[in-house]
file start.pdb (PDB, C-alpha atoms and all ligand atoms)
ATOM      1  CA  MET B  23       0.000   0.000   0.000
ATOM      2  CA  LYS B  24       1.314   3.427  -0.950
ATOM      3  CA  LEU B  25       1.135   6.967   0.373
ATOM      4  CA  THR B  26       1.493   9.943  -1.946
ATOM      5  CA  ILE B  27       2.916  13.035  -0.284
ATOM      6  CA  LEU B  28       1.023  15.963  -1.853
ATOM      7  CA  GLY B  29       2.838  18.552   0.239
ATOM      8  CA  SER B  30       5.540  18.462   2.884
ATOM      9  CA  GLY B  31       5.700  22.168   3.702
ATOM     10  CA  ALA B  32       4.258  24.325   6.459
ATOM     11  CA  ALA B  33       1.630  27.108   6.350
ATOM     12  CA  LEU B  34       3.563  29.312   3.919
ATOM     13  CA  PRO B  35       4.443  27.329   0.790
ATOM     14  CA  SER B  36       7.572  27.745  -1.309
ATOM     15  CA  ALA B  37       8.026  26.906  -5.001
ATOM     16  CA  ARG B  38       9.043  23.330  -4.101
ATOM     17  CA  HIS B  39       7.105  22.670  -0.897
ATOM     18  CA  ASN B  40       3.365  23.107  -0.689
ATOM     19  CA  ASN B  41       1.064  22.796   2.346
ATOM     20  CA  CYS B  42       1.238  19.483   4.208
ATOM     21  CA  SER B  43      -1.112  16.856   2.764
ATOM     22  CA  PHE B  44      -0.990  13.187   1.752
ATOM     23  CA  VAL B  45      -3.181  10.413   0.340
ATOM     24  CA  ALA B  46      -3.285   6.829   1.620
ATOM     25  CA  HIS B  47      -4.122   4.586  -1.340
ATOM     26  CA  SER B  48      -6.227   2.086   0.589
ATOM     27  CA  ALA B  49      -9.259   0.402  -1.031
ATOM     28  CA  GLN B  50     -11.231   3.517   0.025
ATOM     29  CA  PRO B  51      -8.575   6.260  -0.313
ATOM     30  CA  ILE B  52      -8.096   8.757   2.509
ATOM     31  CA  LEU B  53      -6.879  12.326   2.081
ATOM     32  CA  PHE B  54      -5.113  13.793   5.106
ATOM     33  CA  GLU B  55      -5.348  17.609   5.244
ATOM     34  CA  CYS B  56      -6.976  19.791   2.618
ATOM     35  CA  GLY B  57      -5.098  23.075   2.162
ATOM     36  CA  PRO B  58      -5.938  25.901  -0.287
ATOM     37  CA  SER B  59      -4.234  24.387  -3.367
ATOM     38  CA  ILE B  60      -5.483  20.836  -2.885
ATOM     39  CA  LEU B  61      -6.981  20.520  -6.391
ATOM     40  CA  TYR B  62      -3.656  21.538  -7.945
ATOM     41  CA  GLN B  63      -1.753  19.098  -5.699
ATOM     42  CA  LEU B  64      -4.105  16.224  -6.626
ATOM     43  CA  ALA B  65      -3.860  17.131 -10.339
ATOM     44  CA  VAL B  66      -0.051  17.076 -10.296
ATOM     45  CA  ALA B  67      -0.092  13.709  -8.499
ATOM     46  CA  GLY B  68      -2.601  12.343 -11.053
ATOM     47  CA  ILE B  69      -5.181  11.550  -8.352
ATOM     48  CA  SER B  70      -8.833  12.192  -9.165
ATOM     49  CA  PRO B  71     -10.623  14.166  -6.419
ATOM     50  CA  GLU B  72     -13.576  11.818  -6.937
ATOM     51  CA  SER B  73     -11.439   8.831  -5.930
ATOM     52  CA  ILE B  74     -11.105  10.200  -2.387
ATOM     53  CA  ARG B  75     -13.590   8.523  -0.023
ATOM     54  CA  THR B  76     -12.611  10.127   3.298
ATOM     55  CA  VAL B  77     -10.889  13.360   4.316
ATOM     56  CA  ILE B  78      -9.291  13.778   7.744
ATOM     57  CA  VAL B  79      -8.500  17.395   8.643
ATOM     58  CA  SER B  80      -6.510  17.741  11.870
ATOM     59  CA  HIS B  81      -7.609  21.326  12.623
ATOM     60  CA  ILE B  82      -9.240  24.424  11.157
ATOM     61  CA  HIS B  83      -6.101  26.446  10.277
ATOM     62  CA  GLY B  84      -6.282  27.551   6.643
ATOM     63  CA  ASP B  85      -3.250  25.611   5.432
ATOM     64  CA  HIS B  86      -5.158  22.445   6.486
ATOM     65  CA  SER B  87      -8.797  23.244   5.684
ATOM     66  CA  LEU B  88      -9.182  25.951   3.021
ATOM     67  CA  GLY B  89      -9.238  23.390   0.199
ATOM     68  CA  LEU B  90     -12.491  21.880   1.472
ATOM     69  CA  PRO B  91     -14.754  24.241  -0.541
ATOM     70  CA  MET B  92     -12.622  23.565  -3.630
ATOM     71  CA  LEU B  93     -12.793  19.778  -3.160
ATOM     72  CA  LEU B  94     -16.559  19.982  -2.664
ATOM     73  CA  VAL B  95     -17.206  22.283  -5.603
ATOM     74  CA  SER B  96     -15.202  19.955  -7.840
ATOM     75  CA  GLY B  97     -17.424  17.095  -6.656
ATOM     76  CA  GLN B  98     -20.535  19.120  -7.365
ATOM     77  CA  ILE B  99     -19.354  20.021 -10.886
ATOM     78  CA  ALA B 100     -18.335  16.407 -11.589
ATOM     79  CA  GLN B 101     -21.752  15.240 -10.282
ATOM     80  CA  ARG B 102     -19.961  13.025  -7.820
ATOM     81  CA  GLU B 103     -21.976   9.904  -6.963
ATOM     82  CA  ARG B 104     -19.664   8.490  -4.318
ATOM     83  CA  PRO B 105     -20.370   9.719  -0.785
ATOM     84  CA  LEU B 106     -17.621  11.670   0.969
ATOM     85  CA  THR B 107     -16.835  11.489   4.677
ATOM     86  CA  ILE B 108     -15.080  14.492   6.243
ATOM     87  CA  CYS B 109     -13.630  14.290   9.766
ATOM     88  CA  LEU B 110     -12.595  17.397  11.713
ATOM     89  CA  PRO B 111     -12.275  18.341  15.388
ATOM     90  CA  SER B 112     -15.868  18.777  16.583
ATOM     91  CA  SER B 113     -15.766  22.587  16.946
ATOM     92  CA  ALA B 114     -14.323  22.895  13.435
ATOM     93  CA  VAL B 115     -17.224  21.166  11.659
ATOM     94  CA  ASP B 116     -19.563  24.165  11.653
ATOM     95  CA  GLN B 117     -16.660  26.536  11.010
ATOM     96  CA  ALA B 118     -15.652  24.555   7.903
ATOM     97  CA  LYS B 119     -19.249  24.294   6.674
ATOM     98  CA  ARG B 120     -19.597  28.066   7.037
ATOM     99  CA  VAL B 121     -16.471  28.677   4.956
ATOM    100  CA  CYS B 122     -17.768  26.337   2.239
ATOM    101  CA  THR B 123     -21.196  27.951   1.986
ATOM    102  CA  THR B 124     -19.750  31.482   2.251
ATOM    103  CA  VAL B 125     -17.485  31.072  -0.760
ATOM    104  CA  TYR B 126     -19.923  28.863  -2.735
ATOM    105  CA  PRO B 127     -23.513  29.392  -1.461
ATOM    106  CA  GLY B 128     -24.759  26.843  -4.013
ATOM    107  CA  LEU B 129     -22.844  24.057  -2.225
ATOM    108  CA  GLU B 130     -25.437  23.658   0.531
ATOM    109  CA  ARG B 131     -27.420  20.887  -1.157
ATOM    110  CA  PHE B 132     -24.353  18.895  -2.203
ATOM    111  CA  MET B 133     -22.976  19.207   1.336
ATOM    112  CA  THR B 134     -26.167  17.833   2.819
ATOM    113  CA  SER B 135     -26.802  15.041   0.346
ATOM    114  CA  LYS B 136     -23.322  13.730  -0.396
ATOM    115  CA  VAL B 137     -21.152  14.581   2.607
ATOM    116  CA  GLN B 138     -21.109  12.900   6.003
ATOM    117  CA  TRP B 139     -19.475  15.241   8.526
ATOM    118  CA  ILE B 140     -17.851  13.643  11.584
ATOM    119  CA  GLY B 141     -16.763  15.726  14.596
ATOM    120  CA  LEU B 142     -13.791  14.225  16.427
ATOM    121  CA  PRO B 143     -13.542  14.751  20.218
ATOM    122  CA  GLU B 144     -11.143  17.547  21.171
ATOM    123  CA  LYS B 145     -10.451  16.679  24.820
ATOM    124  CA  ASP B 146     -10.539  12.863  24.856
ATOM    125  CA  SER B 147      -9.421   9.955  22.732
ATOM    126  CA  ALA B 148     -11.900   8.294  20.421
ATOM    127  CA  SER B 149     -12.025   5.228  18.210
ATOM    128  CA  LEU B 150     -14.283   4.913  15.184
ATOM    129  CA  MET B 151     -14.628   2.975  11.957
ATOM    130  CA  LEU B 152     -14.350   4.790   8.641
ATOM    131  CA  PRO B 153     -15.410   3.492   5.219
ATOM    132  CA  GLY B 154     -13.251   0.629   3.929
ATOM    133  CA  LYS B 155     -12.822  -1.092   7.319
ATOM    134  CA  THR B 156     -10.426   1.596   8.435
ATOM    135  CA  ARG B 157     -10.178   2.199  12.168
ATOM    136  CA  VAL B 158      -9.070   5.587  13.412
ATOM    137  CA  THR B 159      -8.109   6.271  17.011
ATOM    138  CA  THR B 160      -7.552   9.907  17.892
ATOM    139  CA  ALA B 161      -5.874  11.948  20.599
ATOM    140  CA  PRO B 162      -5.855  15.694  21.196
ATOM    141  CA  ALA B 163      -2.481  17.347  20.452
ATOM    142  CA  HIS B 164      -1.030  20.773  21.452
ATOM    143  CA  HIS B 165      -1.695  23.747  19.155
ATOM    144  CA  PRO B 166      -3.333  27.201  19.528
ATOM    145  CA  VAL B 167      -6.630  25.770  18.188
ATOM    146  CA  PRO B 168      -8.139  22.298  18.838
ATOM    147  CA  VAL B 169      -6.145  19.687  16.899
ATOM    148  CA  VAL B 170      -6.607  15.949  16.703
ATOM    149  CA  SER B 171      -3.872  13.423  15.898
ATOM    150  CA  SER B 172      -4.957  10.201  14.188
ATOM    151  CA  HIS B 173      -3.706   6.620  14.290
ATOM    152  CA  VAL B 174      -5.277   4.937  11.269
ATOM    153  CA  SER B 175      -5.359   1.147  10.799
ATOM    154  CA  PHE B 176      -6.220  -0.121   7.330
ATOM    155  CA  GLU B 177      -7.626  -3.505   8.314
ATOM    156  CA  PRO B 178      -7.965  -5.108   4.840
ATOM    157  CA  GLU B 179      -4.406  -4.085   3.971
ATOM    158  CA  GLY B 180      -2.941  -4.925   7.409
ATOM    159  CA  ARG B 181      -1.114  -1.566   7.530
ATOM    160  CA  ASP B 182      -1.254   1.501   9.741
ATOM    161  CA  LEU B 183       0.069   5.028  10.073
ATOM    162  CA  THR B 184      -0.133   7.835  12.609
ATOM    163  CA  PHE B 185      -0.315  11.528  11.783
ATOM    164  CA  SER B 186       0.456  14.076  14.509
ATOM    165  CA  GLY B 187      -1.276  17.101  12.980
ATOM    166  CA  ASP B 188       0.255  20.456  13.927
ATOM    167  CA  THR B 189       1.565  20.098  17.459
ATOM    168  CA  ALA B 190       4.228  20.983  19.956
ATOM    169  CA  PHE B 191       5.853  17.971  21.674
ATOM    170  CA  CYS B 192       2.932  15.946  23.026
ATOM    171  CA  GLU B 193       3.008  12.659  24.962
ATOM    172  CA  ALA B 194      -0.627  11.934  24.060
ATOM    173  CA  VAL B 195       0.416  11.791  20.383
ATOM    174  CA  ALA B 196       3.121   9.262  21.308
ATOM    175  CA  ARG B 197       0.672   7.114  23.301
ATOM    176  CA  ASN B 198      -1.797   7.157  20.412
ATOM    177  CA  ALA B 199       1.001   6.174  18.001
ATOM    178  CA  GLU B 200       2.185   3.170  20.096
ATOM    179  CA  GLY B 201       3.887   0.621  17.806
ATOM    180  CA  THR B 202       2.861   2.414  14.602
ATOM    181  CA  GLY B 203       4.459   1.380  11.322
ATOM    182  CA  LEU B 204       4.897   4.992  10.192
ATOM    183  CA  LEU B 205       4.623   8.213  12.187
ATOM    184  CA  LEU B 206       4.217  11.369  10.099
ATOM    185  CA  HIS B 207       5.067  14.201  12.473
ATOM    186  CA  ASP B 208       5.108  18.002  12.462
ATOM    187  CA  SER B 209       8.717  19.146  12.026
ATOM    188  CA  ASN B 210       8.246  22.865  11.543
ATOM    189  CA  TRP B 211      11.482  23.765  13.286
ATOM    190  CA  SER B 212      15.026  22.615  13.745
ATOM    191  CA  ASP B 213      16.691  22.979  17.150
ATOM    192  CA  LYS B 214      20.099  23.000  15.414
ATOM    193  CA  LEU B 215      19.265  25.522  12.689
ATOM    194  CA  LYS B 216      17.216  27.605  15.135
ATOM    195  CA  ASN B 217      14.710  28.746  12.499
ATOM    196  CA  GLY B 218      12.128  29.289  15.222
ATOM    197  CA  SER B 219      10.515  27.475  18.114
ATOM    198  CA  GLY B 220       7.372  26.897  20.086
ATOM    199  CA  HIS B 221       3.932  28.253  19.297
ATOM    200  CA  GLY B 222       2.321  24.889  18.823
ATOM    201  CA  HIS B 223       4.874  23.247  16.554
ATOM    202  CA  SER B 224       7.638  20.680  16.914
ATOM    203  CA  SER B 225      11.285  20.594  15.966
ATOM    204  CA  ALA B 226      12.829  17.622  14.178
ATOM    205  CA  ALA B 227      14.267  16.586  17.564
ATOM    206  CA  ASP B 228      10.784  16.726  19.164
ATOM    207  CA  ALA B 229       9.447  14.541  16.342
ATOM    208  CA  GLY B 230      12.275  12.060  16.971
ATOM    209  CA  ARG B 231      11.467  11.983  20.710
ATOM    210  CA  VAL B 232       7.804  11.237  20.008
ATOM    211  CA  ALA B 233       8.719   8.474  17.515
ATOM    212  CA  SER B 234      11.040   6.948  20.101
ATOM    213  CA  LEU B 235       8.456   7.111  22.923
ATOM    214  CA  ALA B 236       5.883   5.534  20.594
ATOM    215  CA  ARG B 237       8.317   2.807  19.477
ATOM    216  CA  ALA B 238       7.353   3.677  15.893
ATOM    217  CA  LYS B 239       9.047   1.728  13.124
ATOM    218  CA  ARG B 240       9.625   4.729  10.833
ATOM    219  CA  LEU B 241       9.322   8.494  11.131
ATOM    220  CA  ALA B 242       8.508  10.926   8.297
ATOM    221  CA  LEU B 243       9.182  14.623   8.977
ATOM    222  CA  VAL B 244       6.440  16.773   7.447
ATOM    223  CA  HIS B 245       5.029  20.314   7.798
ATOM    224  CA  ARG B 246       8.601  21.611   7.419
ATOM    225  CA  ALA B 247       9.029  25.399   7.311
ATOM    226  CA  ALA B 248      10.457  26.804   4.060
ATOM    227  CA  GLU B 249      13.621  27.888   5.934
ATOM    228  CA  LEU B 250      14.541  24.205   6.286
ATOM    229  CA  GLU B 251      14.821  23.753   2.512
ATOM    230  CA  GLY B 252      18.287  22.605   1.509
ATOM    231  CA  HIS B 253      18.989  21.476   5.081
ATOM    232  CA  GLU B 254      17.238  18.089   4.780
ATOM    233  CA  PRO B 255      20.328  16.060   5.852
ATOM    234  CA  ASP B 256      20.667  18.195   9.025
ATOM    235  CA  VAL B 257      16.972  17.872   9.794
ATOM    236  CA  ARG B 258      17.140  14.092   9.317
ATOM    237  CA  SER B 259      20.175  13.733  11.587
ATOM    238  CA  GLU B 260      18.562  15.926  14.258
ATOM    239  CA  ALA B 261      15.587  13.542  14.439
ATOM    240  CA  ALA B 262      17.850  10.484  14.152
ATOM    241  CA  GLY B 263      19.701  11.681  17.258
ATOM    242  CA  GLN B 264      16.508  10.904  19.224
ATOM    243  CA  PHE B 265      15.125   7.909  17.309
ATOM    244  CA  SER B 266      16.845   4.740  16.164
ATOM    245  CA  GLY B 267      14.367   3.769  13.394
ATOM    246  CA  ASP B 268      14.386   5.032   9.798
ATOM    247  CA  VAL B 269      13.844   8.782   9.395
ATOM    248  CA  LEU B 270      12.348   9.996   6.100
ATOM    249  CA  VAL B 271      12.347  13.610   4.898
ATOM    250  CA  PRO B 272       9.886  13.222   2.020
ATOM    251  CA  GLY B 273       9.598  15.739  -0.790
ATOM    252  CA  ASP B 274       6.379  16.823  -2.494
ATOM    253  CA  PHE B 275       4.945  14.178  -4.838
ATOM    254  CA  SER B 276       7.169  11.439  -3.472
ATOM    255  CA  THR B 277       5.605   8.125  -2.438
ATOM    256  CA  ILE B 278       6.132   5.996   0.657
ATOM    257  CA  ASP B 279       5.443   2.260   0.823
ATOM    258  CA  LEU B 280       3.450   1.508   3.942
TER     259      LEU B 280
HETATM  260 ZN    ZN B 301      -0.185  24.022   9.605
HETATM  261 ZN    ZN B 302      -1.947  24.907  12.530
END

call {"tool": "encode", "arguments": {"input": "start.pdb", "output": "structure tokens"}}
result
Amino acid sequence: MKLTILGSGAALPSARHNNCSFVAHSAQPILFECGPSILYQLAVAGISPESIRTVIVSHIHGDHSLGLPMLLVSGQIAQRERPLTICLPSSAVDQAKRVCTTVYPGLERFMTSKVQWIGLPEKDSASLMLPGKTRVTTAPAHHPVPVVSSHVSFEPEGRDLTFSGDTAFCEAVARNAEGTGLLLHDSNWSDKLKNGSGHGHSSAADAGRVASLARAKRLALVHRAAELEGHEPDVRSEAAGQFSGDVLVPGDFSTIDL
């Protein structure tokens, strides 16, 4: 089973690194994060928006959610038949719906008839089944707005991954990721390069610490600030100083075998 990285960058994209997003090519494909240029990212990767069955958005920040109206309007124009499930932190569901109907008032009917909206708990863990026999267990992470990290098990494929969402170092993310095959973790900063710190994001070293606590098999550093471009070997070694498994620093439109 493959993952396509649609974007490995942080909130402000560069020419080579767009907003963090990826697709898990399970029997019922899942899109993680839906930033403002999602339709462009899917087009470049050769993935039809209509093939996506479920979207998991970790939090309402624009670099993660502003593509939702675009994804929905493309479904409306394509007369999408397949239902779409969208998961967000519970307080973000109405906020996201409001954005969609503000920018495209005509979306209301499509949103009611074709989209199932699921609010994920923001203070507790939860476990639920998604289409395609996919189990997701969630845990709240640390960010200025409610954010939910997800451990997703693809039961038919016998694979799993965990995505931190945007977060500062958070033990609850590590507990939720226990034994995961692949942890994709916020790596907005580098402690060594000192391109910034705090404010609800992790450094590569923080990501390595979480992967180690979780006993993850592999770690992929994502949501990397543009200032880290060209420093990928340093960022990798910073995380590897805390974690003995494989550390990946994936580029946009690369694929990862799960
Ligand atoms: Zn972000
Ligand atoms: Zn954020």

call {"tool": "residues_around", "arguments": {"input": "start.pdb", "residues": "Phe132 (chain B)", "least_positions_apart": "5", "cutoff": "12 Å", "atoms": "only C-alpha atoms", "output": "ChimeraX atom specification"}}
result
/B:91,93-106,119,122-123,126-127,137-138

call {"tool": "resolve_selection", "arguments": {"input": "start.pdb", "expression": "the PyMOL selection byres (((chain B and resi 141) around 8) and not hetatm)", "output": "PyMOL selection string"}}
result
chain B and resi 109-115+139-140+142-143

call {"tool": "residues_near_ligand", "arguments": {"input": "start.pdb", "ligand": "ligand ZN 301 (chain B)", "cutoff": "8 Å", "atoms": "all atoms listed in the file", "output": "NGL selection string"}}
result
:B and (32-33 or 41-42 or 83-86 or 187-188 or 245)

call {"tool": "residues_around", "arguments": {"input": "start.pdb", "residues": "Asp279 (chain B)", "least_positions_apart": "3", "cutoff": "9 Å", "atoms": "all atoms listed in the file", "output": "list in words"}}
result
Met23, Lys24 and Leu25 of chain B

call {"tool": "resolve_selection", "arguments": {"input": "start.pdb", "expression": "the PyMOL selection byres (((chain B and resi 227) around 8) and not hetatm)", "output": "PyMOL selection string"}}
result
chain B and resi 212-213+224-226+228-231+260-264

call {"tool": "resolve_selection", "arguments": {"input": "start.pdb", "expression": "the PyMOL selection byres (((chain B and resi 147) around 10) and not hetatm)", "output": "list in words"}}
result
Leu142, Pro143, Glu144, Lys145, Asp146, Ala148, Ser149, Thr159, Thr160, Ala161, Pro162, Val170, Ser171, Ser172, Ala194 and Asn198 of chain B

call {"tool": "closest_residue", "arguments": {"input": "start.pdb", "among": "B:Asp208, B:Glu193, B:Glu130, B:Glu72", "to": "ligand ZN 302 (chain B)", "atoms": "only C-alpha atoms and all ligand atoms"}}
result
B:Asp208

call {"tool": "residues_around", "arguments": {"input": "start.pdb", "residues": "Pro51 (chain B)", "least_positions_apart": "6", "cutoff": "9 Å", "atoms": "all atoms listed in the file", "output": "tab-separated table (two decimals) with C-alpha atoms, in the frame of the given file"}}
result
chain	number	residue	atom	x	y	z
B	45	VAL	CA	-3.18	10.41	0.34
B	73	SER	CA	-11.44	8.83	-5.93
B	74	ILE	CA	-11.10	10.20	-2.39
B	75	ARG	CA	-13.59	8.52	-0.02
B	76	THR	CA	-12.61	10.13	3.30
B	77	VAL	CA	-10.89	13.36	4.32
B	154	GLY	CA	-13.25	0.63	3.93

call {"tool": "atom_distance", "arguments": {"input": "start.pdb", "atom1": "CA of Pro166 (chain B)", "atom2": "CA of Trp211 (chain B)"}}
result
16.4 Å

call {"tool": "closest_residue", "arguments": {"input": "start.pdb", "among": "B:Ile27, B:Val121, B:Val167, B:Leu129", "to": "ligand ZN 302 (chain B)", "atoms": "all atoms listed in the file"}}
result
B:Val167

call {"tool": "atom_distance", "arguments": {"input": "start.pdb", "atom1": "CA of Ile82 (chain B)", "atom2": "CA of Gly57 (chain B)"}}
result
10.0 Å

call {"tool": "residues_around", "arguments": {"input": "start.pdb", "residues": "Leu183 (chain B)", "least_positions_apart": "3", "cutoff": "10 Å", "atoms": "all atoms listed in the file", "output": "list in words"}}
result
Leu25, Ala46, Val158, Ser172, His173, Val174, Ser175, Phe176, Ala199, Gly201, Thr202, Gly203, Leu204, Leu205, Leu206, Ala238, Arg240, Leu241 and Leu280 of chain B

call {"tool": "atom_distance", "arguments": {"input": "start.pdb", "atom1": "CA of Ser135 (chain B)", "atom2": "CA of Met151 (chain B)"}}
result
20.7 Å
